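What follows is start_17.cif (mmCIF, C-alpha atoms).
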data_work
#
loop_
_atom_site.label_atom_id
_atom_site.label_comp_id
_atom_site.auth_asym_id
_atom_site.auth_seq_id
_atom_site.Cartn_x
_atom_site.Cartn_y
_atom_site.Cartn_z
CA MET A 1 -67.22 15.42 5.46
CA GLU A 2 -65.06 16.49 8.34
CA ALA A 3 -62.32 14.21 9.72
CA ARG A 4 -62.15 14.21 13.47
CA LEU A 5 -59.30 12.81 15.50
CA THR A 6 -60.85 10.36 17.84
CA PRO A 7 -58.75 8.66 20.51
CA ARG A 8 -58.81 5.47 18.45
CA ARG A 9 -57.57 7.23 15.27
CA LEU A 10 -54.92 9.03 17.30
CA LEU A 11 -53.73 5.70 18.73
CA VAL A 12 -53.63 4.06 15.26
CA CYS A 13 -51.62 7.02 13.85
CA ALA A 14 -49.19 6.92 16.77
CA ALA A 15 -48.72 3.15 16.35
CA ALA A 16 -48.10 3.60 12.61
CA ILE A 17 -45.47 6.28 13.30
CA VAL A 18 -43.74 4.10 15.90
CA ALA A 19 -43.74 1.14 13.49
CA LEU A 20 -42.34 3.31 10.68
CA VAL A 21 -39.56 4.65 12.93
CA SER A 22 -38.73 1.12 14.10
CA VAL A 23 -38.50 -0.25 10.56
CA THR A 24 -36.42 2.63 9.20
CA SER A 25 -34.04 2.68 12.15
CA ALA A 26 -33.51 -1.09 11.82
CA CYS A 27 -32.55 -0.64 8.18
CA GLY A 28 -30.30 2.35 8.73
CA GLY A 29 -28.83 1.35 12.06
CA GLY A 30 -27.83 -2.14 11.04
CA GLY A 31 -24.49 -0.94 9.64
CA ASP A 32 -23.01 -0.41 13.08
CA ALA A 33 -24.23 -3.80 14.26
CA GLN A 34 -22.77 -5.48 11.17
CA ALA A 35 -19.47 -3.59 11.53
CA ALA A 36 -19.24 -4.68 15.16
CA ALA A 37 -19.77 -8.30 14.13
CA LYS A 38 -16.99 -8.05 11.49
CA ASP A 39 -14.51 -6.21 13.74
CA PRO A 40 -13.68 -8.48 16.67
CA PRO A 41 -12.71 -6.93 20.02
CA LEU A 42 -8.95 -6.38 20.22
CA VAL A 43 -6.32 -6.84 22.90
CA LYS A 44 -2.79 -5.45 22.90
CA TYR A 45 0.49 -7.33 23.11
CA SER A 46 3.63 -5.48 24.14
CA ASP A 47 7.15 -6.49 25.10
CA SER A 48 10.55 -4.77 24.94
CA ARG A 49 10.74 -5.21 21.14
CA LEU A 50 7.31 -4.68 19.65
CA SER A 51 3.63 -4.07 20.30
CA PHE A 52 0.52 -4.85 18.26
CA SER A 53 -3.22 -5.42 18.62
CA TYR A 54 -4.95 -8.69 17.78
CA PRO A 55 -8.44 -10.25 18.14
CA SER A 56 -9.30 -11.24 21.71
CA ALA A 57 -10.23 -14.77 20.52
CA TRP A 58 -6.53 -15.32 19.76
CA THR A 59 -3.85 -15.83 22.45
CA ALA A 60 -0.29 -14.46 22.53
CA TYR A 61 2.42 -16.84 23.73
CA PRO A 62 5.73 -15.03 24.37
CA TYR A 63 8.64 -17.31 23.52
CA SER A 64 10.56 -18.39 26.61
CA GLY A 65 13.05 -20.83 25.09
CA HIS A 66 16.80 -20.53 24.82
CA GLY A 67 18.69 -18.50 22.23
CA GLU A 68 21.00 -21.13 20.73
CA LEU A 69 19.15 -21.12 17.41
CA HIS A 70 19.97 -19.27 14.17
CA PHE A 71 16.66 -17.44 14.69
CA GLN A 72 15.10 -15.94 17.78
CA PRO A 73 11.33 -16.36 18.23
CA ILE A 74 9.67 -13.37 19.90
CA VAL A 75 6.01 -14.32 20.27
CA TYR A 76 3.45 -16.73 18.83
CA VAL A 77 -0.20 -15.72 18.42
CA SER A 78 -2.70 -18.50 17.86
CA THR A 79 -6.26 -19.71 18.16
CA GLN A 80 -4.97 -22.88 19.83
CA PRO A 81 -2.25 -23.77 22.36
CA VAL A 82 1.34 -23.89 21.12
CA HIS A 83 4.30 -26.09 22.06
CA GLU A 84 8.08 -25.79 21.92
CA PRO A 85 8.93 -25.66 18.18
CA CYS A 86 12.36 -27.29 18.51
CA SER A 87 13.58 -30.68 19.63
CA THR A 88 17.13 -31.83 20.28
CA HIS A 89 18.41 -35.35 19.67
CA GLY A 90 22.08 -35.74 20.55
CA ASN A 91 23.89 -32.77 18.99
CA THR A 92 21.15 -32.02 16.47
CA THR A 93 18.38 -29.49 17.02
CA SER A 94 15.50 -29.35 14.54
CA CYS A 95 12.69 -26.83 14.55
CA GLY A 96 9.25 -26.55 13.01
CA PHE A 97 6.02 -24.76 13.79
CA PRO A 98 4.81 -24.46 17.41
CA VAL A 99 1.53 -26.15 16.36
CA GLY A 100 1.42 -29.72 15.01
CA HIS A 101 -1.82 -29.30 13.04
CA LEU A 102 -3.90 -26.15 12.65
CA GLN A 103 -7.55 -26.66 13.62
CA ALA A 104 -10.44 -25.62 11.35
CA GLY A 105 -10.71 -21.82 11.29
CA GLY A 106 -7.30 -21.69 12.97
CA VAL A 107 -4.61 -19.03 12.97
CA LEU A 108 -0.94 -19.25 13.89
CA ILE A 109 1.29 -16.18 13.74
CA THR A 110 5.00 -16.28 14.49
CA TRP A 111 7.16 -13.19 15.08
CA GLN A 112 10.90 -13.83 15.05
CA VAL A 113 14.28 -12.27 14.35
CA ASN A 114 16.51 -14.19 11.97
CA GLY A 115 20.11 -14.23 13.16
CA ILE A 116 21.46 -14.44 9.61
CA PRO A 117 22.04 -10.95 8.13
CA ALA A 118 19.71 -10.15 5.24
CA MET A 119 20.86 -8.14 2.23
CA GLY A 120 17.38 -6.98 1.22
CA LEU A 121 13.66 -7.56 1.61
CA GLY A 122 13.33 -10.06 -1.22
CA PRO A 123 10.14 -10.71 -3.22
CA GLY A 124 6.67 -9.49 -2.33
CA SER A 125 4.53 -6.38 -2.20
CA ARG A 126 6.27 -3.40 -0.65
CA ILE A 127 4.55 -2.18 2.51
CA HIS A 128 5.53 -0.45 5.76
CA VAL A 129 5.19 -2.04 9.19
CA GLY A 130 5.73 0.17 12.21
CA GLY A 131 7.30 2.81 9.95
CA HIS A 132 9.87 0.36 8.55
CA PRO A 133 10.11 -0.89 4.94
CA ALA A 134 8.74 -4.41 4.57
CA SER A 135 7.71 -6.98 1.97
CA LEU A 136 4.57 -9.12 2.09
CA THR A 137 3.87 -12.34 0.22
CA ASP A 138 0.47 -14.00 0.43
CA THR A 139 0.26 -17.51 -1.02
CA ALA A 140 -2.24 -20.34 -1.12
CA GLY A 141 -0.82 -23.20 0.92
CA GLY A 142 2.83 -22.19 1.17
CA GLU A 143 5.06 -23.39 4.00
CA CYS A 144 2.07 -23.44 6.38
CA ARG A 145 0.54 -26.28 4.38
CA ARG A 146 2.72 -28.59 6.54
CA ILE A 147 0.39 -27.90 9.47
CA GLY A 148 -2.85 -27.99 7.46
CA ALA A 149 -3.17 -24.27 6.63
CA ASP A 150 -4.82 -23.00 3.45
CA ARG A 151 -2.89 -19.73 3.29
CA THR A 152 0.56 -18.42 4.26
CA ILE A 153 1.36 -14.74 4.75
CA ASP A 154 5.08 -13.94 5.07
CA VAL A 155 6.33 -10.48 6.02
CA ALA A 156 9.98 -9.39 6.22
CA VAL A 157 10.53 -6.12 8.09
CA GLU A 158 13.77 -4.16 7.70
CA THR A 159 14.09 -3.17 11.36
CA SER A 160 17.79 -2.32 10.81
CA PRO A 161 19.58 -1.31 7.59
CA PRO A 162 21.01 -4.27 5.65
CA PRO A 163 23.09 -6.28 6.04
CA SER A 164 21.42 -7.02 9.35
CA ALA A 165 18.97 -9.36 11.03
CA PHE A 166 15.40 -8.54 9.97
CA THR A 167 12.18 -9.20 11.88
CA TYR A 168 9.80 -11.70 10.28
CA LEU A 169 6.11 -12.50 10.65
CA THR A 170 4.60 -15.70 9.28
CA ALA A 171 0.82 -16.15 9.48
CA CYS A 172 -0.77 -19.54 8.83
CA LEU A 173 -4.53 -19.46 8.17
CA ARG A 174 -6.93 -22.36 7.83
CA GLY A 175 -10.53 -22.15 6.61
CA PRO A 176 -13.29 -21.54 7.15
CA GLY A 177 -12.96 -17.79 7.69
CA VAL A 178 -9.64 -17.27 5.88
CA ALA A 179 -10.67 -13.87 4.44
CA ALA A 180 -11.75 -12.50 7.84
CA ASN A 181 -8.59 -13.80 9.51
CA GLU A 182 -6.48 -12.33 6.70
CA ARG A 183 -8.07 -8.92 7.41
CA SER A 184 -7.24 -9.38 11.10
CA VAL A 185 -3.60 -10.20 10.27
CA LYS A 186 -3.33 -7.07 8.12
CA ALA A 187 -4.89 -5.00 10.93
CA LEU A 188 -2.33 -6.52 13.33
CA LEU A 189 0.45 -5.43 10.96
CA ALA A 190 -1.02 -1.93 10.70
CA SER A 191 -1.05 -1.65 14.51
CA THR A 192 2.54 -2.90 14.96
CA LYS A 193 5.14 -0.64 16.54
CA PHE A 194 8.80 -1.57 17.07
CA LEU A 195 10.07 -0.43 20.45
CA SER A 196 13.81 -1.12 20.17
#

Please lay out the structure from this file as structure tokens.
Amino acid sequence: MEARLTPRRLLVCAAAIVALVSVTSACGGGGDAQAAAKDPPLVKYSDSRLSFSYPSAWTAYPYSGHGELHFQPIVYVSTQPVHEPCSTHGNTTSCGFPVGHLQAGGVLITWQVNGIPAMGLGPGSRIHVGGHPASLTDTAGGECRRIGADRTIDVAVETSPPPSAFTYLTACLRGPGVAANERSVKALLASTKFLS
């Protein structure tokens, strides 16, 4: 028996090939779509001291307060609006976080320079940030628990040889999504460059 290609058989074969290509490309091409979903679009922050990239869903708030404190805030990055972290009553100034309570899935990052000279990096994993030696501690709760966070990441960066004022990052993360936000904080650190 001889098989002849009729227009109907040709159409069925072509449809089967198209369906096969569609199914296999959906399986193989999904990696890029999944990677795009996991890697949020980034924006860049830059001032006279430092630059870094961060997810576009977060907002950078350069600090515009006065410098009478023992530390000097540089910038806050958060998923929610921030407020002045210090209040003065009479001759006493007290400071806290620039967010009263972190919302669900929230992030608050503070960059600051401590005016008290540091003698060393202290505890934590040794890393480099912007080419400078640094230490990183990652704890459940931690100091960020005061604003409802589930995780605190503290980084001390030796931007000048000790004894000198170091640059510090504190990241407060609240679930859900702590692991993804932690990856974003580490990507922010990897992108950081010190300009002065």

Can you work out the spacing between CA of Phe71 in chain A and CA of Ser46 in chain A in Å, to one decimal? 20.1 Å

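Comparing the minimum interatomic distances between Tyr61 in chain A and each of A:Val77, A:Ile147, A:Cys95, A:Ile127, counting all atoms listed in the file, we find that A:Val77 sits nearest.
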
Residues picked by the PyMOL selection byres ((chain A and resi 175) around 7) here, as JSON, numbers by chain? {"A": [104, 105, 150, 173, 174, 176, 177, 178]}

Dump C-alpha atoms for the selected residues as an mmCIF file, in the coordinates of the input?
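This went into out-v5.cif:
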data_model
loop_
_atom_site.group_PDB
_atom_site.id
_atom_site.type_symbol
_atom_site.label_atom_id
_atom_site.label_comp_id
_atom_site.auth_asym_id
_atom_site.auth_seq_id
_atom_site.Cartn_x
_atom_site.Cartn_y
_atom_site.Cartn_z
ATOM 1 C CA ALA A 104 -10.440 -25.620 11.350
ATOM 2 C CA GLY A 105 -10.710 -21.820 11.290
ATOM 3 C CA ASP A 150 -4.820 -23.000 3.450
ATOM 4 C CA LEU A 173 -4.530 -19.460 8.170
ATOM 5 C CA ARG A 174 -6.930 -22.360 7.830
ATOM 6 C CA PRO A 176 -13.290 -21.540 7.150
ATOM 7 C CA GLY A 177 -12.960 -17.790 7.690
ATOM 8 C CA VAL A 178 -9.640 -17.270 5.880
#

Would you translate the PyMOL selection byres ((chain A and resi 151-163) around 9) into the concrete set of residues it matches in this file, as a PDB file with C-alpha atoms, in the coordinates of the input?
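Saved to part-v5.pdb:
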ATOM      1  CA  PRO A 117      22.040 -10.950   8.130  1.00  0.00           C
ATOM      2  CA  ALA A 118      19.710 -10.150   5.240  1.00  0.00           C
ATOM      3  CA  MET A 119      20.860  -8.140   2.230  1.00  0.00           C
ATOM      4  CA  GLY A 120      17.380  -6.980   1.220  1.00  0.00           C
ATOM      5  CA  LEU A 121      13.660  -7.560   1.610  1.00  0.00           C
ATOM      6  CA  GLY A 122      13.330 -10.060  -1.220  1.00  0.00           C
ATOM      7  CA  GLY A 124       6.670  -9.490  -2.330  1.00  0.00           C
ATOM      8  CA  HIS A 128       5.530  -0.450   5.760  1.00  0.00           C
ATOM      9  CA  VAL A 129       5.190  -2.040   9.190  1.00  0.00           C
ATOM     10  CA  GLY A 130       5.730   0.170  12.210  1.00  0.00           C
ATOM     11  CA  HIS A 132       9.870   0.360   8.550  1.00  0.00           C
ATOM     12  CA  PRO A 133      10.110  -0.890   4.940  1.00  0.00           C
ATOM     13  CA  ALA A 134       8.740  -4.410   4.570  1.00  0.00           C
ATOM     14  CA  SER A 135       7.710  -6.980   1.970  1.00  0.00           C
ATOM     15  CA  LEU A 136       4.570  -9.120   2.090  1.00  0.00           C
ATOM     16  CA  THR A 137       3.870 -12.340   0.220  1.00  0.00           C
ATOM     17  CA  ASP A 138       0.470 -14.000   0.430  1.00  0.00           C
ATOM     18  CA  THR A 139       0.260 -17.510  -1.020  1.00  0.00           C
ATOM     19  CA  ALA A 140      -2.240 -20.340  -1.120  1.00  0.00           C
ATOM     20  CA  GLY A 141      -0.820 -23.200   0.920  1.00  0.00           C
ATOM     21  CA  GLY A 142       2.830 -22.190   1.170  1.00  0.00           C
ATOM     22  CA  GLU A 143       5.060 -23.390   4.000  1.00  0.00           C
ATOM     23  CA  CYS A 144       2.070 -23.440   6.380  1.00  0.00           C
ATOM     24  CA  ARG A 145       0.540 -26.280   4.380  1.00  0.00           C
ATOM     25  CA  ALA A 149      -3.170 -24.270   6.630  1.00  0.00           C
ATOM     26  CA  ASP A 150      -4.820 -23.000   3.450  1.00  0.00           C
ATOM     27  CA  SER A 164      21.420  -7.020   9.350  1.00  0.00           C
ATOM     28  CA  ALA A 165      18.970  -9.360  11.030  1.00  0.00           C
ATOM     29  CA  PHE A 166      15.400  -8.540   9.970  1.00  0.00           C
ATOM     30  CA  THR A 167      12.180  -9.200  11.880  1.00  0.00           C
ATOM     31  CA  TYR A 168       9.800 -11.700  10.280  1.00  0.00           C
ATOM     32  CA  LEU A 169       6.110 -12.500  10.650  1.00  0.00           C
ATOM     33  CA  THR A 170       4.600 -15.700   9.280  1.00  0.00           C
ATOM     34  CA  ALA A 171       0.820 -16.150   9.480  1.00  0.00           C
ATOM     35  CA  CYS A 172      -0.770 -19.540   8.830  1.00  0.00           C
ATOM     36  CA  LEU A 173      -4.530 -19.460   8.170  1.00  0.00           C
ATOM     37  CA  ARG A 174      -6.930 -22.360   7.830  1.00  0.00           C
ATOM     38  CA  GLY A 175     -10.530 -22.150   6.610  1.00  0.00           C
ATOM     39  CA  VAL A 178      -9.640 -17.270   5.880  1.00  0.00           C
ATOM     40  CA  GLU A 182      -6.480 -12.330   6.700  1.00  0.00           C
ATOM     41  CA  VAL A 185      -3.600 -10.200  10.270  1.00  0.00           C
ATOM     42  CA  PHE A 194       8.800  -1.570  17.070  1.00  0.00           C
TER      43      PHE A 194
END

Distance in Å - CA of Gln72 in chain A versus CA of Asn114 in chain A: 6.2 Å

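Of the listed residues A:Gly115, A:Pro73, A:Pro41, A:Pro81, the one whose atoms come nearest to Gly96 in chain A is A:Pro73, with distances taken using only C-alpha atoms.
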
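Excluding Val99 in chain A and any residue on its chain fewer than 4 positions from it, the residues at most 9 Å away by only C-alpha atoms are Ser78, Gln80, Pro81, Val82, His83, Glu84, Pro85, Leu108 and Ile147 of chain A.
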
Neighbours of range 47-60 of chain A within 6 Å (all atoms listed in the file; same-chain residues fewer than 3 positions away dropped), as a PyMOL selection string? chain A and resi 40-44+76-79+188+191-196

When you draw a straight line from CA of Thr110 in chain A to CA of Gly90 in chain A, how long is it in Å?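 Value for the CA of Thr110 in chain A-CA of Gly90 in chain A distance: 26.6 Å.
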
Listed atoms of range 118-127 of chain A boxed along x, y and z, 6 Å each side, centre and edge lengths in Å, one decimal, as AutoDock Vina command-line options:
--center_x 12.7 --center_y -6.4 --center_z 1.0 --size_x 28.3 --size_y 20.5 --size_z 20.5

Quick one: residues within 10 Å of Cys86 in chain A, all atoms listed in the file, excluding same-chain residues fewer than 4 positions away - as an MDAnalysis selection string? chainID A and resid 65 69 93:98

Could you check the closest approach to Ile74 in chain A for each of A:Arg146, A:Gly100, A:Val113, A:Thr88 and tell me which residue wins, using only C-alpha atoms?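 For Ile74 in chain A, the nearest of the candidates is A:Val113.
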